[in-house]
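Dumped input-v3.pdb below, it's PDB, N, CA and C atoms:
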ATOM      1  N   MET A   1      69.147 103.571  34.520
ATOM      2  CA  MET A   1      70.270 102.726  34.198
ATOM      3  C   MET A   1      70.745 102.067  35.493
ATOM      4  N   ALA A   2      70.720 100.762  35.552
ATOM      5  CA  ALA A   2      71.202 100.031  36.726
ATOM      6  C   ALA A   2      72.726  99.943  36.674
ATOM      7  N   ALA A   3      73.339 100.045  37.835
ATOM      8  CA  ALA A   3      74.800  99.982  37.911
ATOM      9  C   ALA A   3      75.289  98.601  37.509
ATOM     10  N   GLY A   4      76.369  98.574  36.735
ATOM     11  CA  GLY A   4      77.018  97.318  36.395
ATOM     12  C   GLY A   4      77.921  96.886  37.534
ATOM     13  N   TYR A   5      78.439  95.672  37.456
ATOM     14  CA  TYR A   5      79.329  95.140  38.482
ATOM     15  C   TYR A   5      80.603  94.641  37.816
ATOM     16  N   GLN A   6      81.753  95.038  38.365
ATOM     17  CA  GLN A   6      83.039  94.590  37.832
ATOM     18  C   GLN A   6      84.034  94.459  38.969
ATOM     19  N   GLU A   7      84.656  93.302  39.100
ATOM     20  CA  GLU A   7      85.710  93.111  40.089
ATOM     21  C   GLU A   7      87.035  93.555  39.463
ATOM     22  N   LEU A   8      87.812  94.334  40.214
ATOM     23  CA  LEU A   8      89.091  94.844  39.734
ATOM     24  C   LEU A   8      90.241  94.228  40.526
ATOM     25  N   PHE A   9      91.348  93.976  39.860
ATOM     26  CA  PHE A   9      92.581  93.536  40.490
ATOM     27  C   PHE A   9      93.632  94.585  40.190
ATOM     28  N   ILE A  10      94.145  95.211  41.238
ATOM     29  CA  ILE A  10      95.129  96.284  41.096
ATOM     30  C   ILE A  10      96.409  95.848  41.798
ATOM     31  N   GLU A  11      97.514  95.918  41.088
ATOM     32  CA  GLU A  11      98.801  95.533  41.656
ATOM     33  C   GLU A  11      99.382  96.705  42.426
ATOM     34  N   GLN A  12      99.668  96.468  43.691
ATOM     35  CA  GLN A  12     100.232  97.492  44.564
ATOM     36  C   GLN A  12     101.570  97.970  43.974
ATOM     37  N   GLY A  13     101.762  99.282  43.899
ATOM     38  CA  GLY A  13     103.005  99.860  43.397
ATOM     39  C   GLY A  13     103.119  99.935  41.888
ATOM     40  N   ALA A  14     102.057  99.570  41.169
ATOM     41  CA  ALA A  14     102.061  99.625  39.698
ATOM     42  C   ALA A  14     100.997 100.601  39.220
ATOM     43  N   ASP A  15     101.219 101.175  38.044
ATOM     44  CA  ASP A  15     100.197 102.019  37.429
ATOM     45  C   ASP A  15      98.998 101.146  37.071
ATOM     46  N   PHE A  16      97.810 101.729  37.164
ATOM     47  CA  PHE A  16      96.578 101.018  36.818
ATOM     48  C   PHE A  16      95.720 101.924  35.961
ATOM     49  N   SER A  17      95.126 101.364  34.925
ATOM     50  CA  SER A  17      94.137 102.111  34.142
ATOM     51  C   SER A  17      93.162 101.135  33.501
ATOM     52  N   THR A  18      91.958 101.604  33.356
ATOM     53  CA  THR A  18      90.924 100.836  32.678
ATOM     54  C   THR A  18      89.915 101.815  32.093
ATOM     55  N   SER A  19      89.153 101.352  31.146
ATOM     56  CA  SER A  19      88.100 102.166  30.532
ATOM     57  C   SER A  19      86.780 101.429  30.633
ATOM     58  N   ILE A  20      85.718 102.202  30.796
ATOM     59  CA  ILE A  20      84.376 101.625  30.743
ATOM     60  C   ILE A  20      83.588 102.385  29.681
ATOM     61  N   THR A  21      82.703 101.679  29.030
ATOM     62  CA  THR A  21      81.846 102.281  28.019
ATOM     63  C   THR A  21      80.403 102.109  28.459
ATOM     64  N   LEU A  22      79.680 103.221  28.528
ATOM     65  CA  LEU A  22      78.288 103.194  28.961
ATOM     66  C   LEU A  22      77.362 103.150  27.758
ATOM     67  N   ASP A  23      76.351 102.284  27.843
ATOM     68  CA  ASP A  23      75.319 102.178  26.819
ATOM     69  C   ASP A  23      73.991 102.609  27.410
ATOM     70  N   ASP A  24      73.107 103.139  26.560
ATOM     71  CA  ASP A  24      71.762 103.505  27.026
ATOM     72  C   ASP A  24      70.815 102.311  26.861
ATOM     73  N   ALA A  25      69.548 102.528  27.104
ATOM     74  CA  ALA A  25      68.550 101.453  27.044
ATOM     75  C   ALA A  25      68.418 100.852  25.645
ATOM     76  N   ASP A  26      68.789 101.606  24.613
ATOM     77  CA  ASP A  26      68.711 101.120  23.240
ATOM     78  C   ASP A  26      70.019 100.491  22.767
ATOM     79  N   ASN A  27      70.934 100.245  23.705
ATOM     80  CA  ASN A  27      72.251  99.678  23.406
ATOM     81  C   ASN A  27      73.114 100.595  22.546
ATOM     82  N   GLU A  28      72.815 101.874  22.593
ATOM     83  CA  GLU A  28      73.627 102.896  21.910
ATOM     84  C   GLU A  28      74.555 103.520  22.944
ATOM     85  N   ALA A  29      75.617 104.147  22.491
ATOM     86  CA  ALA A  29      76.540 104.817  23.412
ATOM     87  C   ALA A  29      75.798 105.890  24.201
ATOM     88  N   PHE A  30      75.999 105.892  25.513
ATOM     89  CA  PHE A  30      75.389 106.895  26.383
ATOM     90  C   PHE A  30      76.190 108.183  26.250
ATOM     91  N   ASP A  31      75.570 109.257  25.807
ATOM     92  CA  ASP A  31      76.272 110.521  25.579
ATOM     93  C   ASP A  31      76.587 111.192  26.921
ATOM     94  N   LEU A  32      77.853 111.281  27.231
ATOM     95  CA  LEU A  32      78.319 111.869  28.497
ATOM     96  C   LEU A  32      78.666 113.347  28.377
ATOM     97  N   THR A  33      78.255 113.989  27.292
ATOM     98  CA  THR A  33      78.508 115.418  27.130
ATOM     99  C   THR A  33      77.846 116.168  28.287
ATOM    100  N   GLY A  34      78.626 116.994  28.977
ATOM    101  CA  GLY A  34      78.116 117.760  30.100
ATOM    102  C   GLY A  34      78.137 117.011  31.422
ATOM    103  N   TYR A  35      78.642 115.784  31.423
ATOM    104  CA  TYR A  35      78.723 114.987  32.647
ATOM    105  C   TYR A  35      80.120 115.057  33.239
ATOM    106  N   GLU A  36      80.200 114.820  34.535
ATOM    107  CA  GLU A  36      81.469 114.578  35.200
ATOM    108  C   GLU A  36      81.327 113.261  35.944
ATOM    109  N   ALA A  37      82.451 112.653  36.268
ATOM    110  CA  ALA A  37      82.427 111.354  36.943
ATOM    111  C   ALA A  37      83.396 111.363  38.115
ATOM    112  N   LYS A  38      83.112 110.496  39.080
ATOM    113  CA  LYS A  38      83.946 110.389  40.276
ATOM    114  C   LYS A  38      83.936 108.929  40.715
ATOM    115  N   SER A  39      85.081 108.477  41.251
ATOM    116  CA  SER A  39      85.175 107.102  41.718
ATOM    117  C   SER A  39      86.161 107.021  42.866
ATOM    118  N   GLN A  40      85.749 106.346  43.930
ATOM    119  CA  GLN A  40      86.592 106.195  45.114
ATOM    120  C   GLN A  40      86.686 104.735  45.515
ATOM    121  N   ILE A  41      87.782 104.425  46.213
ATOM    122  CA  ILE A  41      87.997 103.102  46.792
ATOM    123  C   ILE A  41      87.946 103.263  48.304
ATOM    124  N   LYS A  42      87.159 102.410  48.959
ATOM    125  CA  LYS A  42      87.070 102.413  50.418
ATOM    126  C   LYS A  42      87.173 100.983  50.926
ATOM    127  N   LYS A  43      87.564 100.846  52.183
ATOM    128  CA  LYS A  43      87.693  99.514  52.781
ATOM    129  C   LYS A  43      86.325  98.839  52.896
ATOM    130  N   SER A  44      85.288  99.597  53.167
ATOM    131  CA  SER A  44      83.927  99.051  53.216
ATOM    132  C   SER A  44      82.956 100.142  52.787
ATOM    133  N   TYR A  45      81.727  99.752  52.544
ATOM    134  CA  TYR A  45      80.708 100.721  52.157
ATOM    135  C   TYR A  45      80.467 101.751  53.256
ATOM    136  N   TYR A  46      80.761 101.380  54.478
ATOM    137  CA  TYR A  46      80.467 102.238  55.621
ATOM    138  C   TYR A  46      81.672 103.028  56.104
ATOM    139  N   SER A  47      82.814 102.843  55.480
ATOM    140  CA  SER A  47      84.038 103.530  55.883
ATOM    141  C   SER A  47      83.955 105.016  55.550
ATOM    142  N   SER A  48      84.401 105.852  56.485
ATOM    143  CA  SER A  48      84.407 107.289  56.230
ATOM    144  C   SER A  48      85.702 107.728  55.543
ATOM    145  N   SER A  49      86.735 106.903  55.584
ATOM    146  CA  SER A  49      88.008 107.276  54.958
ATOM    147  C   SER A  49      88.125 106.657  53.568
ATOM    148  N   ILE A  50      88.770 107.406  52.686
ATOM    149  CA  ILE A  50      88.959 106.991  51.294
ATOM    150  C   ILE A  50      90.361 106.402  51.166
ATOM    151  N   ALA A  51      90.466 105.181  50.683
ATOM    152  CA  ALA A  51      91.774 104.551  50.462
ATOM    153  C   ALA A  51      92.458 105.163  49.244
ATOM    154  N   ALA A  52      91.683 105.487  48.213
ATOM    155  CA  ALA A  52      92.217 106.117  46.997
ATOM    156  C   ALA A  52      91.051 106.665  46.187
ATOM    157  N   GLN A  53      91.380 107.617  45.341
ATOM    158  CA  GLN A  53      90.391 108.163  44.416
ATOM    159  C   GLN A  53      90.946 108.029  43.011
ATOM    160  N   PHE A  54      90.182 107.402  42.125
ATOM    161  CA  PHE A  54      90.614 107.255  40.744
ATOM    162  C   PHE A  54      90.679 108.622  40.067
ATOM    163  N   THR A  55      91.653 108.791  39.186
ATOM    164  CA  THR A  55      91.661 109.930  38.274
ATOM    165  C   THR A  55      90.718 109.546  37.136
ATOM    166  N   ILE A  56      89.751 110.407  36.879
ATOM    167  CA  ILE A  56      88.719 110.116  35.881
ATOM    168  C   ILE A  56      88.809 111.107  34.729
ATOM    169  N   THR A  57      88.765 110.589  33.508
ATOM    170  CA  THR A  57      88.643 111.443  32.328
ATOM    171  C   THR A  57      87.519 110.880  31.455
ATOM    172  N   ILE A  58      86.912 111.778  30.698
ATOM    173  CA  ILE A  58      85.882 111.388  29.729
ATOM    174  C   ILE A  58      86.382 111.904  28.373
ATOM    175  N   PRO A  59      87.254 111.123  27.710
ATOM    176  CA  PRO A  59      87.923 111.622  26.501
ATOM    177  C   PRO A  59      87.006 111.772  25.296
ATOM    178  N   THR A  60      86.002 110.919  25.191
ATOM    179  CA  THR A  60      85.080 110.970  24.052
ATOM    180  C   THR A  60      83.653 110.868  24.592
ATOM    181  N   PRO A  61      83.120 112.003  25.092
ATOM    182  CA  PRO A  61      81.805 111.972  25.741
ATOM    183  C   PRO A  61      80.701 111.357  24.888
ATOM    184  N   ALA A  62      80.661 111.665  23.601
ATOM    185  CA  ALA A  62      79.581 111.160  22.747
ATOM    186  C   ALA A  62      79.626 109.639  22.611
ATOM    187  N   GLN A  63      80.789 109.030  22.864
ATOM    188  CA  GLN A  63      80.922 107.583  22.762
ATOM    189  C   GLN A  63      80.722 106.887  24.108
ATOM    190  N   GLY A  64      80.478 107.655  25.180
ATOM    191  CA  GLY A  64      80.184 107.064  26.478
ATOM    192  C   GLY A  64      81.365 106.422  27.175
ATOM    193  N   ILE A  65      82.575 106.883  26.870
ATOM    194  CA  ILE A  65      83.780 106.263  27.431
ATOM    195  C   ILE A  65      84.283 107.049  28.641
ATOM    196  N   ILE A  66      84.551 106.308  29.723
ATOM    197  CA  ILE A  66      85.142 106.872  30.942
ATOM    198  C   ILE A  66      86.447 106.138  31.202
ATOM    199  N   ASN A  67      87.533 106.880  31.362
ATOM    200  CA  ASN A  67      88.824 106.303  31.722
ATOM    201  C   ASN A  67      89.067 106.498  33.210
ATOM    202  N   MET A  68      89.570 105.452  33.868
ATOM    203  CA  MET A  68      89.874 105.486  35.296
ATOM    204  C   MET A  68      91.325 105.072  35.465
ATOM    205  N   SER A  69      92.068 105.805  36.316
ATOM    206  CA  SER A  69      93.467 105.429  36.508
ATOM    207  C   SER A  69      93.956 105.770  37.915
ATOM    208  N   LEU A  70      95.021 105.083  38.287
ATOM    209  CA  LEU A  70      95.772 105.347  39.513
ATOM    210  C   LEU A  70      97.249 105.264  39.159
ATOM    211  N   THR A  71      98.049 106.146  39.716
ATOM    212  CA  THR A  71      99.490 106.093  39.483
ATOM    213  C   THR A  71     100.113 105.038  40.388
ATOM    214  N   SER A  72     101.339 104.669  40.086
ATOM    215  CA  SER A  72     102.051 103.702  40.928
ATOM    216  C   SER A  72     102.207 104.239  42.350
ATOM    217  N   ALA A  73     102.380 105.561  42.497
ATOM    218  CA  ALA A  73     102.476 106.157  43.834
ATOM    219  C   ALA A  73     101.158 105.999  44.589
ATOM    220  N   ASN A  74     100.038 106.131  43.886
ATOM    221  CA  ASN A  74      98.722 105.931  44.510
ATOM    222  C   ASN A  74      98.557 104.490  44.982
ATOM    223  N   THR A  75      98.835 103.543  44.095
ATOM    224  CA  THR A  75      98.604 102.139  44.443
ATOM    225  C   THR A  75      99.569 101.654  45.515
ATOM    226  N   ALA A  76     100.773 102.225  45.565
ATOM    227  CA  ALA A  76     101.747 101.837  46.596
ATOM    228  C   ALA A  76     101.255 102.221  47.987
ATOM    229  N   ASN A  77     100.408 103.245  48.049
ATOM    230  CA  ASN A  77      99.909 103.734  49.344
ATOM    231  C   ASN A  77      98.634 103.039  49.809
ATOM    232  N   ILE A  78      98.147 102.068  49.056
ATOM    233  CA  ILE A  78      96.961 101.313  49.465
ATOM    234  C   ILE A  78      97.431  99.980  50.046
ATOM    235  N   SER A  79      97.029  99.700  51.263
ATOM    236  CA  SER A  79      97.389  98.413  51.871
ATOM    237  C   SER A  79      96.757  97.285  51.075
ATOM    238  N   ALA A  80      97.502  96.175  50.951
ATOM    239  CA  ALA A  80      96.979  95.014  50.236
ATOM    240  C   ALA A  80      95.695  94.538  50.912
ATOM    241  N   GLY A  81      94.756  94.063  50.114
ATOM    242  CA  GLY A  81      93.510  93.555  50.659
ATOM    243  C   GLY A  81      92.342  93.784  49.733
ATOM    244  N   ARG A  82      91.169  93.640  50.298
ATOM    245  CA  ARG A  82      89.917  93.722  49.545
ATOM    246  C   ARG A  82      89.192  95.015  49.903
ATOM    247  N   TYR A  83      88.703  95.719  48.897
ATOM    248  CA  TYR A  83      88.039  97.006  49.052
ATOM    249  C   TYR A  83      86.785  97.028  48.188
ATOM    250  N   VAL A  84      86.031  98.114  48.282
ATOM    251  CA  VAL A  84      84.879  98.341  47.414
ATOM    252  C   VAL A  84      85.085  99.657  46.660
ATOM    253  N   TYR A  85      84.411  99.790  45.531
ATOM    254  CA  TYR A  85      84.467 101.030  44.753
ATOM    255  C   TYR A  85      83.154 101.202  44.018
ATOM    256  N   ASP A  86      82.931 102.403  43.539
ATOM    257  CA  ASP A  86      81.847 102.646  42.607
ATOM    258  C   ASP A  86      82.224 103.814  41.715
ATOM    259  N   VAL A  87      81.473 103.981  40.646
ATOM    260  CA  VAL A  87      81.658 105.090  39.711
ATOM    261  C   VAL A  87      80.320 105.811  39.616
ATOM    262  N   ILE A  88      80.354 107.114  39.891
ATOM    263  CA  ILE A  88      79.162 107.949  39.874
ATOM    264  C   ILE A  88      79.317 108.988  38.762
ATOM    265  N   ILE A  89      78.246 109.217  38.005
ATOM    266  CA  ILE A  89      78.256 110.311  37.031
ATOM    267  C   ILE A  89      77.233 111.350  37.469
ATOM    268  N   LYS A  90      77.506 112.604  37.114
ATOM    269  CA  LYS A  90      76.600 113.708  37.462
ATOM    270  C   LYS A  90      76.499 114.633  36.263
ATOM    271  N   ASN A  91      75.260 115.031  35.934
ATOM    272  CA  ASN A  91      75.067 115.951  34.818
ATOM    273  C   ASN A  91      74.969 117.393  35.328
ATOM    274  N   ALA A  92      74.768 118.326  34.412
ATOM    275  CA  ALA A  92      74.728 119.752  34.759
ATOM    276  C   ALA A  92      73.577 120.087  35.704
ATOM    277  N   ALA A  93      72.512 119.289  35.706
ATOM    278  CA  ALA A  93      71.371 119.517  36.593
ATOM    279  C   ALA A  93      71.574 118.855  37.963
ATOM    280  N   ASN A  94      72.791 118.365  38.209
ATOM    281  CA  ASN A  94      73.152 117.680  39.463
ATOM    282  C   ASN A  94      72.430 116.360  39.682
ATOM    283  N   ASN A  95      71.942 115.743  38.624
ATOM    284  CA  ASN A  95      71.371 114.398  38.724
ATOM    285  C   ASN A  95      72.528 113.401  38.738
ATOM    286  N   THR A  96      72.579 112.577  39.767
ATOM    287  CA  THR A  96      73.679 111.616  39.878
ATOM    288  C   THR A  96      73.175 110.196  39.672
ATOM    289  N   THR A  97      74.040 109.389  39.060
ATOM    290  CA  THR A  97      73.729 107.991  38.788
ATOM    291  C   THR A  97      74.964 107.156  39.052
ATOM    292  N   ARG A  98      74.784 106.055  39.797
ATOM    293  CA  ARG A  98      75.879 105.101  39.959
ATOM    294  C   ARG A  98      75.854 104.196  38.740
ATOM    295  N   VAL A  99      76.967 104.129  37.996
ATOM    296  CA  VAL A  99      76.998 103.358  36.759
ATOM    297  C   VAL A  99      77.796 102.071  36.881
ATOM    298  N   LEU A 100      78.664 101.984  37.904
ATOM    299  CA  LEU A 100      79.494 100.791  38.078
ATOM    300  C   LEU A 100      79.850 100.653  39.541
ATOM    301  N   GLU A 101      79.959  99.417  40.009
ATOM    302  CA  GLU A 101      80.367  99.152  41.379
ATOM    303  C   GLU A 101      81.045  97.796  41.420
ATOM    304  N   GLY A 102      81.735  97.537  42.532
ATOM    305  CA  GLY A 102      82.339  96.219  42.661
ATOM    306  C   GLY A 102      83.392  96.157  43.749
ATOM    307  N   ILE A 103      84.152  95.093  43.690
ATOM    308  CA  ILE A 103      85.222  94.812  44.630
ATOM    309  C   ILE A 103      86.547  95.168  43.961
ATOM    310  N   VAL A 104      87.463  95.727  44.748
ATOM    311  CA  VAL A 104      88.829  95.975  44.293
ATOM    312  C   VAL A 104      89.747  95.105  45.141
ATOM    313  N   ASN A 105      90.551  94.298  44.484
ATOM    314  CA  ASN A 105      91.555  93.491  45.158
ATOM    315  C   ASN A 105      92.908  94.138  44.938
ATOM    316  N   ILE A 106      93.531  94.602  46.012
ATOM    317  CA  ILE A 106      94.876  95.175  45.916
ATOM    318  C   ILE A 106      95.867  94.043  46.171
ATOM    319  N   VAL A 107      96.604  93.676  45.129
ATOM    320  CA  VAL A 107      97.550  92.567  45.185
ATOM    321  C   VAL A 107      98.888  93.117  45.684
ATOM    322  N   PRO A 108      99.459  92.530  46.759
ATOM    323  CA  PRO A 108     100.687  93.083  47.321
ATOM    324  C   PRO A 108     101.872  92.997  46.371
ATOM    325  N   GLN A 109     102.759  93.977  46.485
ATOM    326  CA  GLN A 109     103.950  93.980  45.658
ATOM    327  C   GLN A 109     105.107  93.368  46.417
ATOM    328  N   VAL A 110     106.067  92.836  45.674
ATOM    329  CA  VAL A 110     107.274  92.279  46.263
ATOM    330  C   VAL A 110     108.443  93.214  46.020
ATOM    331  N   THR A 111     108.662  93.587  44.757
ATOM    332  CA  THR A 111     109.784  94.441  44.377
ATOM    333  C   THR A 111     109.372  95.902  44.430
ATOM    334  N   LYS A 112     110.212  96.721  45.022
ATOM    335  CA  LYS A 112     109.923  98.160  45.116
ATOM    336  C   LYS A 112     111.081  98.943  44.514
ATOM    337  N   PHE A 113     110.739 100.037  43.826
ATOM    338  CA  PHE A 113     111.757 100.949  43.297
ATOM    339  C   PHE A 113     112.095 101.968  44.346
TER     340      PHE A 113
END
Would you write the structure of this file as structure tokens?
Amino acid sequence: MAAGYQELFIEQGADFSTSITLDDADNEAFDLTGYEAKSQIKKSYYSSSIAAQFTITIPTPAQGIINMSLTSANTANISAGRYVYDVIIKNAANNTTRVLEGIVNIVPQVTKF
């Protein structure tokens, strides 16, 4: 499965959530039963520091759905600018696959609580 590409726009200081649905080669839902997922935001592919880590849930594994979110406190702590991210899944046999990657644009906030 080749990784998909999606550009994200995240508003600094606001909650963010999105869902992705994985399909297999036959265009059927990719069964994520027994899988875990992880996703991080970094300033560049070569950066050793993590700007943020998405909270990941797989609410309906058989339907191939992955939910990704950041709280407003998380997004407030990311400096405005352009970043990279990816989403990796791993099964029980420790086989890992990158399923999504792209650019994250952190849009600066004006009003703060």
Residues in the PyMOL selection byres ((chain A and resi 63-68) around 5), expressed as a PyMOL selection string: chain A and resi 17-22+29-30+32+55-58+60-62+69-70
Suppose you want the space between atom CA of Val84 of chain A and atom CA of Pro108 of chain A; what is it in Å?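 Taking atom CA of Val84 of chain A and atom CA of Pro108 of chain A, their separation equals 16.7 Å.
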With the file shown as input, list the residues that the PyMOL selection byres ((chain A and resi 72) around 8) selects, as an MDAnalysis selection string. chainID A and resid 11:16 69:71 73:77
Atom C of Tyr35 of chain A to atom C of Val99 of chain A: how many Å, to one decimal?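 Going from atom C of Tyr35 of chain A over to atom C of Val99 of chain A, I get 13.7 Å.
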Using all atoms listed in the file, which residues sit within 5 Å of Lys43 of chain A once same-chain residues fewer than 2 positions away are excluded, as a list in words? Ile41, Tyr45, Tyr83 and Val84 of chain A
How would the residues just picked look written out with N, CA and C atoms as a PDB file, keeping the file's coordinate frame?
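File out01.pdb, as written:
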ATOM      1  N   ILE A  41      87.782 104.425  46.213  1.00  0.00           N
ATOM      2  CA  ILE A  41      87.997 103.102  46.792  1.00  0.00           C
ATOM      3  C   ILE A  41      87.946 103.263  48.304  1.00  0.00           C
ATOM      4  N   TYR A  45      81.727  99.752  52.544  1.00  0.00           N
ATOM      5  CA  TYR A  45      80.708 100.721  52.157  1.00  0.00           C
ATOM      6  C   TYR A  45      80.467 101.751  53.256  1.00  0.00           C
ATOM      7  N   TYR A  83      88.703  95.719  48.897  1.00  0.00           N
ATOM      8  CA  TYR A  83      88.039  97.006  49.052  1.00  0.00           C
ATOM      9  C   TYR A  83      86.785  97.028  48.188  1.00  0.00           C
ATOM     10  N   VAL A  84      86.031  98.114  48.282  1.00  0.00           N
ATOM     11  CA  VAL A  84      84.879  98.341  47.414  1.00  0.00           C
ATOM     12  C   VAL A  84      85.085  99.657  46.660  1.00  0.00           C
TER      13      VAL A  84
END
So the first atom is atom C of Asp86 of chain A and the second is atom CA of Asn27 of chain A; what is the distance between them in Å, to one decimal place?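 Rounded to one decimal, the two atoms are 21.3 Å apart.
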Among segment 20-105 of chain A, which ones does DSSP assign to strand (DSSP E) (computed from the backbone)? Answer as a PyMOL selection string. chain A and resi 20-21+36-42+52-53+55-57+65-70+81-90+96-105
Evaluate the PyMOL selection byres (((chain A and resi 2 and name CA) around 9) and name CA) and record the selected residues as number ranges by chain, following the chain and residue labels used in the document. A: 1, 3-4, 97-100
Just write the chosen residues, N, CA and C atoms, as a compact mmCIF listing (two decimals), keeping the file's coordinate frame.
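Saved the output as again09.txt:
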# COMPACT_ATOMS: atom_id res chain seq x y z
N MET A 1 69.15 103.57 34.52
CA MET A 1 70.27 102.73 34.20
C MET A 1 70.74 102.07 35.49
N ALA A 3 73.34 100.04 37.84
CA ALA A 3 74.80 99.98 37.91
C ALA A 3 75.29 98.60 37.51
N GLY A 4 76.37 98.57 36.74
CA GLY A 4 77.02 97.32 36.40
C GLY A 4 77.92 96.89 37.53
N THR A 97 74.04 109.39 39.06
CA THR A 97 73.73 107.99 38.79
C THR A 97 74.96 107.16 39.05
N ARG A 98 74.78 106.06 39.80
CA ARG A 98 75.88 105.10 39.96
C ARG A 98 75.85 104.20 38.74
N VAL A 99 76.97 104.13 38.00
CA VAL A 99 77.00 103.36 36.76
C VAL A 99 77.80 102.07 36.88
N LEU A 100 78.66 101.98 37.90
CA LEU A 100 79.49 100.79 38.08
C LEU A 100 79.85 100.65 39.54
Measuring atom to atom with only C-alpha atoms, identify which of A:Ala80, A:Val110, A:Val87, A:Ile103 is nearest to Phe54 of chain A.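 Comparing A:Ala80, A:Val110, A:Val87, A:Ile103 against Phe54 of chain A, the winner is A:Val87.
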Local residues around (77.4, 111.6, 37.7), at most 6.5 Å away, using all atoms listed in the file, as a ChimeraX atom specification: /A:35-38,88-91,95-98
